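Listing of protein-v8.txt; format and content: compact mmCIF, C-alpha atoms.
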# COMPACT_ATOMS: atom_id res chain seq x y z
CA MET A 1 35.87 24.36 -34.19
CA LYS A 2 34.59 27.24 -32.08
CA ARG A 3 30.98 26.07 -32.54
CA VAL A 4 31.87 22.57 -31.39
CA LEU A 5 33.56 23.91 -28.24
CA ILE A 6 30.61 26.20 -27.46
CA LEU A 7 28.16 23.31 -27.99
CA MET A 8 30.23 21.02 -25.72
CA LEU A 9 30.44 23.73 -23.05
CA ALA A 10 26.66 24.27 -23.21
CA LEU A 11 25.97 20.53 -22.93
CA THR A 12 28.36 20.21 -19.98
CA THR A 13 26.69 23.17 -18.23
CA LEU A 14 23.22 21.69 -18.79
CA ALA A 15 24.32 18.28 -17.53
CA GLY A 16 25.87 19.89 -14.45
CA ALA A 17 22.70 21.86 -13.72
CA ARG A 18 20.61 18.73 -14.13
CA ASP A 19 22.85 16.77 -11.73
CA LYS A 20 22.51 19.48 -9.03
CA LYS A 21 18.77 18.81 -8.82
CA PRO A 22 18.18 16.40 -5.90
CA LYS A 23 17.66 12.89 -7.19
CA ALA A 24 14.96 10.62 -5.85
CA GLN A 25 16.38 7.90 -3.64
CA PRO A 26 15.49 4.18 -3.66
CA GLY A 27 13.43 2.77 -0.77
CA PRO A 28 12.62 1.69 1.78
CA TYR A 29 10.47 4.74 2.45
CA ILE A 30 9.41 5.36 6.06
CA PHE A 31 6.16 7.04 7.08
CA THR A 32 4.37 7.49 10.41
CA SER A 33 0.73 7.78 11.36
CA LYS A 34 -1.28 8.25 14.55
CA GLY A 35 -3.78 5.65 13.29
CA SER A 36 -3.77 2.01 14.36
CA ALA A 37 -1.90 -0.53 12.23
CA GLN A 38 -5.16 -2.30 11.32
CA THR A 39 -6.78 0.96 10.17
CA ILE A 40 -3.68 1.92 8.16
CA LYS A 41 -3.58 -1.54 6.59
CA GLY A 42 -7.19 -1.17 5.48
CA LEU A 43 -6.43 2.20 3.84
CA ILE A 44 -3.37 0.82 2.03
CA VAL A 45 -5.24 -2.27 0.81
CA GLN A 46 -8.10 -0.15 -0.57
CA ALA A 47 -5.70 2.27 -2.30
CA ASN A 48 -3.72 -0.54 -3.98
CA LEU A 49 -6.82 -2.41 -5.13
CA ARG A 50 -8.16 0.84 -6.65
CA GLU A 51 -4.88 1.18 -8.58
CA GLY A 52 -5.31 -2.30 -10.08
CA TYR A 53 -2.79 -4.14 -7.88
CA THR A 54 -3.27 -7.71 -6.68
CA LEU A 55 -2.65 -8.73 -3.06
CA ASP A 56 0.13 -11.36 -3.40
CA SER A 57 0.80 -12.10 0.24
CA ASP A 58 -0.73 -11.08 3.54
CA ASN A 59 0.96 -11.92 6.83
CA LYS A 60 -0.89 -9.69 9.33
CA LEU A 61 1.24 -6.53 9.30
CA GLN A 62 3.49 -7.53 6.38
CA PHE A 63 1.86 -7.67 2.97
CA ARG A 64 2.64 -7.04 -0.69
CA PHE A 65 0.89 -6.08 -3.90
CA SER A 66 1.94 -6.45 -7.53
CA LYS A 67 0.77 -5.73 -11.05
CA PRO A 68 2.39 -6.19 -14.46
CA GLY A 69 4.44 -3.18 -15.49
CA GLN A 70 7.09 -2.02 -17.94
CA MET A 71 10.54 -1.29 -16.53
CA PRO A 72 12.41 1.78 -17.83
CA LEU A 73 13.79 1.00 -21.30
CA ILE A 74 17.49 0.73 -20.33
CA SER A 75 16.74 -1.68 -17.47
CA ALA A 76 14.31 -3.69 -19.59
CA VAL A 77 16.84 -4.13 -22.41
CA PHE A 78 19.78 -5.15 -20.22
CA MET A 79 18.09 -7.07 -17.40
CA ALA A 80 14.60 -8.44 -18.10
CA SER A 81 14.00 -11.37 -20.41
CA SER A 82 10.85 -11.58 -22.50
CA ALA A 83 11.50 -15.22 -23.42
CA CYS A 84 10.17 -16.82 -20.24
CA PRO A 85 6.68 -18.29 -20.68
CA GLY A 86 4.26 -17.31 -17.92
CA MET A 87 6.70 -14.85 -16.33
CA THR A 88 6.19 -11.10 -16.58
CA THR A 89 7.83 -8.01 -15.22
CA LYS A 90 5.87 -6.61 -12.25
CA LYS A 91 5.80 -3.57 -10.03
CA VAL A 92 5.83 -4.89 -6.46
CA TRP A 93 5.03 -2.82 -3.35
CA SER A 94 5.78 -4.38 0.05
CA TYR A 95 4.50 -2.87 3.30
CA THR A 96 5.52 -3.49 6.91
CA LEU A 97 3.57 -1.89 9.76
CA ALA A 98 4.66 -1.57 13.38
CA GLU A 99 2.79 0.06 16.27
CA LEU A 100 4.93 1.72 18.95
CA ASP A 101 4.24 4.49 21.48
CA GLY A 102 0.89 5.52 20.02
CA MET A 103 2.23 5.71 16.46
CA THR A 104 2.25 3.33 13.51
CA LYS A 105 5.46 3.15 11.49
CA VAL A 106 4.86 2.28 7.83
CA THR A 107 7.78 0.95 5.79
CA VAL A 108 7.20 0.89 2.02
CA GLN A 109 9.57 -0.99 -0.32
CA PRO A 110 8.81 -0.82 -4.06
CA VAL A 111 10.80 -3.02 -6.47
CA TRP A 112 10.69 -4.31 -10.00
CA GLU A 113 10.36 -8.09 -10.16
CA TYR A 114 11.44 -9.56 -13.50
CA PRO A 115 12.65 -12.80 -15.14
CA ASP A 116 16.34 -12.94 -16.09
CA ASP A 117 17.89 -14.80 -19.04
CA TYR A 118 17.68 -18.07 -17.09
CA CYS A 119 13.99 -17.48 -16.26
CA GLN A 120 14.81 -16.90 -12.60
CA THR A 121 12.96 -14.15 -10.73
CA GLN A 122 15.15 -11.17 -9.91
CA THR A 123 14.43 -7.79 -8.29
CA HIS A 124 15.66 -4.30 -9.04
CA GLU A 125 15.03 -1.08 -7.12
CA LEU A 126 11.98 0.91 -8.13
CA ILE A 127 12.53 4.54 -7.24
CA TRP A 128 9.42 6.32 -6.01
CA GLY A 129 10.26 9.57 -7.76
CA GLN A 130 6.87 11.30 -7.72
CA PRO A 131 6.84 13.78 -4.80
CA GLU A 132 3.09 14.36 -5.22
CA GLU A 133 2.41 10.60 -4.86
CA ILE A 134 4.56 10.43 -1.72
CA ALA A 135 2.76 13.49 -0.28
CA ALA A 136 -0.64 11.95 -1.14
CA PHE A 137 0.34 8.70 0.64
CA GLN A 138 1.37 10.62 3.78
CA ALA A 139 -1.86 12.67 3.60
CA MET A 140 -3.87 9.42 3.47
CA LEU A 141 -2.05 8.21 6.61
CA ASP A 142 -2.64 11.55 8.35
CA LYS A 143 -6.41 11.28 7.80
CA ALA A 144 -6.62 7.94 9.64
CA PRO A 145 -8.37 8.11 13.04
CA THR A 146 -5.83 8.37 15.85
CA LEU A 147 -5.10 5.45 18.16
CA SER A 148 -6.38 7.41 21.19
CA ALA A 149 -9.69 8.17 19.45
CA GLN A 150 -10.08 4.50 18.56
CA ALA A 151 -9.30 3.41 22.13
CA ALA A 152 -11.84 5.81 23.68
CA PRO A 153 -14.74 3.98 25.30
CA THR A 154 -17.85 3.88 23.16
CA THR A 155 -21.25 2.44 23.69
CA ALA A 156 -21.17 -0.76 21.73
CA PRO A 157 -24.38 -2.00 20.18
CA VAL A 158 -25.52 -4.99 22.20
CA VAL A 159 -28.23 -7.38 21.07
CA GLN A 160 -30.16 -8.69 24.04
CA THR A 161 -32.39 -11.70 24.04
CA ALA A 162 -35.96 -10.86 25.04
CA ALA A 163 -37.97 -13.42 26.98
CA PRO A 164 -40.71 -14.83 24.73
CA SER A 165 -44.18 -13.78 25.87
CA ALA A 166 -46.10 -15.92 23.40
CA PRO A 167 -45.66 -19.26 21.65
CA SER A 168 -43.43 -20.11 18.69
CA GLN A 169 -44.45 -17.52 16.05
CA GLU A 170 -43.38 -14.59 18.23
CA GLU A 171 -40.19 -16.47 19.16
CA SER A 172 -39.25 -16.91 15.51
CA SER A 173 -39.92 -13.23 14.69
CA ASP A 174 -37.77 -12.20 17.69
CA SER A 175 -35.02 -14.56 16.53
CA ALA A 176 -35.14 -13.12 13.02
CA ARG A 177 -35.00 -9.56 14.36
CA GLN A 178 -32.08 -10.43 16.64
CA ALA A 179 -30.27 -12.13 13.78
CA ARG A 180 -30.73 -9.01 11.61
CA GLN A 181 -29.51 -6.75 14.43
CA HIS A 182 -26.52 -8.98 15.04
CA ALA A 183 -25.63 -9.02 11.32
CA ALA A 184 -25.89 -5.20 11.19
CA CYS A 185 -23.68 -4.96 14.27
CA LEU A 186 -21.04 -7.24 12.74
CA GLU A 187 -21.08 -5.16 9.55
CA LEU A 188 -20.50 -2.01 11.61
CA ALA A 189 -17.75 -3.69 13.66
CA LYS A 190 -15.77 -4.56 10.52
CA ASP A 191 -14.86 -0.88 10.03
CA ASN A 192 -14.83 0.14 13.69
CA PRO A 193 -12.73 -2.01 16.07
CA SER A 194 -14.28 -0.32 19.14
CA VAL A 195 -17.72 -1.83 18.40
CA SER A 196 -18.40 -5.17 20.06
CA CYS A 197 -21.34 -7.42 19.22
CA LYS A 198 -22.90 -9.83 21.73

Target encoding structure tokens, full file:
Amino acid sequence: MKRVLILMLALTTLAGARDKKPKAQPGPYIFTSKGSAQTIKGLIVQANLREGYTLDSDNKLQFRFSKPGQMPLISAVFMASSACPGMTTKKVWSYTLAELDGMTKVTVQPVWEYPDDYCQTQTHELIWGQPEEIAAFQAMLDKAPTLSAQAAPTTAPVVQTAAPSAPSQEESSDSARQARQHAACLELAKDNPSVSCK
């Protein structure tokens, strides 16, 4: 009897110590960055695609990614149905960006999306419980170029049309060169909003 009481006391003490550790909270998770919303969006899109996620919806500054995933066992047993053809459980990450006062606010909402017993799509909170992942996400946002640096005037590459000095062959070579320069300028402008091509 004494052993049973000691074992129960030890288990209660361990459970109490475990409960005192701060628990991760469900989202939404809020981050800020000095980068522009478009720059931040580009970083988030690249990071999610690298992780194997698919872009499900994209509405300018509101977008979401998903990929098939396995819910924790308890949730999977009691909530998700595996009897729905064509429906799978997914990890879904939704992002909302808002620029205000030289800062971009990033709201991240992760959820599990799963089919229930009636093959209807349901959602359940997905707790982002990895502090190192959260810190890495904030570090990625911190590395984005600041809005003031992006707004600074820069010399934009400009393609000018030269007056042809000889007949058609020289005109066509000039046109080809200008087309190449313009294409290179557009490629550069994709990653740098301060570059303008004419």

**Request:** May I ask for the distance between CA of Thr89 in chain A and CA of Gly52 in chain A, given in Å to one decimal place?
**Result:**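 Rounded to one decimal, the two atoms are 15.2 Å apart.
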
**Prompt:** Just how far from CA of Phe65 in chain A is CA of Phe137 in chain A, in Å to one decimal?
**Reply:** 15.5 Å

Residues of range 6-94 of chain A that approach range 110-117 of chain A to 7 Å or less, counting all atoms listed in the file: could you list each one with the shortest pair of atoms and its distance in Å to one decimal, rows by chain and increasing residue number, as JSON lines?
{"residue": "A:Gly27", "atom": "CA", "partner": "A:Pro110", "partner_atom": "CA", "distance": 6.7}
{"residue": "A:Met79", "atom": "CA", "partner": "A:Asp116", "partner_atom": "CA", "distance": 6.3}
{"residue": "A:Ala80", "atom": "CA", "partner": "A:Asp116", "partner_atom": "CA", "distance": 5.2}
{"residue": "A:Ser81", "atom": "CA", "partner": "A:Asp116", "partner_atom": "CA", "distance": 5.2}
{"residue": "A:Cys84", "atom": "CA", "partner": "A:Pro115", "partner_atom": "CA", "distance": 7.0}
{"residue": "A:Met87", "atom": "CA", "partner": "A:Pro115", "partner_atom": "CA", "distance": 6.4}
{"residue": "A:Thr88", "atom": "CA", "partner": "A:Tyr114", "partner_atom": "CA", "distance": 6.3}
{"residue": "A:Thr89", "atom": "CA", "partner": "A:Tyr114", "partner_atom": "CA", "distance": 4.3}
{"residue": "A:Lys90", "atom": "CA", "partner": "A:Glu113", "partner_atom": "CA", "distance": 5.2}
{"residue": "A:Lys91", "atom": "CA", "partner": "A:Trp112", "partner_atom": "CA", "distance": 4.9}
{"residue": "A:Val92", "atom": "CA", "partner": "A:Val111", "partner_atom": "CA", "distance": 5.3}
{"residue": "A:Trp93", "atom": "CA", "partner": "A:Pro110", "partner_atom": "CA", "distance": 4.3}
{"residue": "A:Ser94", "atom": "CA", "partner": "A:Pro110", "partner_atom": "CA", "distance": 6.2}

**Gap from CA of Glu99 in chain A to CA of Asp142 in chain A - Å, one decimal** =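 CA of Glu99 in chain A sits 15.0 Å away from CA of Asp142 in chain A.
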
**Message:** I need the residue nearest Thr107 in chain A from this list: A:Ser36, A:Leu61, A:Gly86, A:Leu49. Use all atoms listed in the file for the distance.
**Reply:**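 Among A:Ser36, A:Leu61, A:Gly86, A:Leu49, it is A:Leu61 that comes nearest to Thr107 in chain A.
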
**Request:** Please provide the set of residues having any atom within 10 Å of Thr54 in chain A, restricted to only C-alpha atoms, with same-chain residues fewer than 4 positions apart removed, written as JSON, numbers by chain.
**Result:** {"A": [45, 48, 49, 50, 64, 65, 66, 67, 68, 92]}

**Message:** With distances taken over only C-alpha atoms, which residue among A:Ala144, A:Val108, A:Leu73, A:Leu126 lies nearest Gln38 in chain A?
**Reply:**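 That would be A:Ala144, the residue with the smallest distance to Gln38 in chain A.
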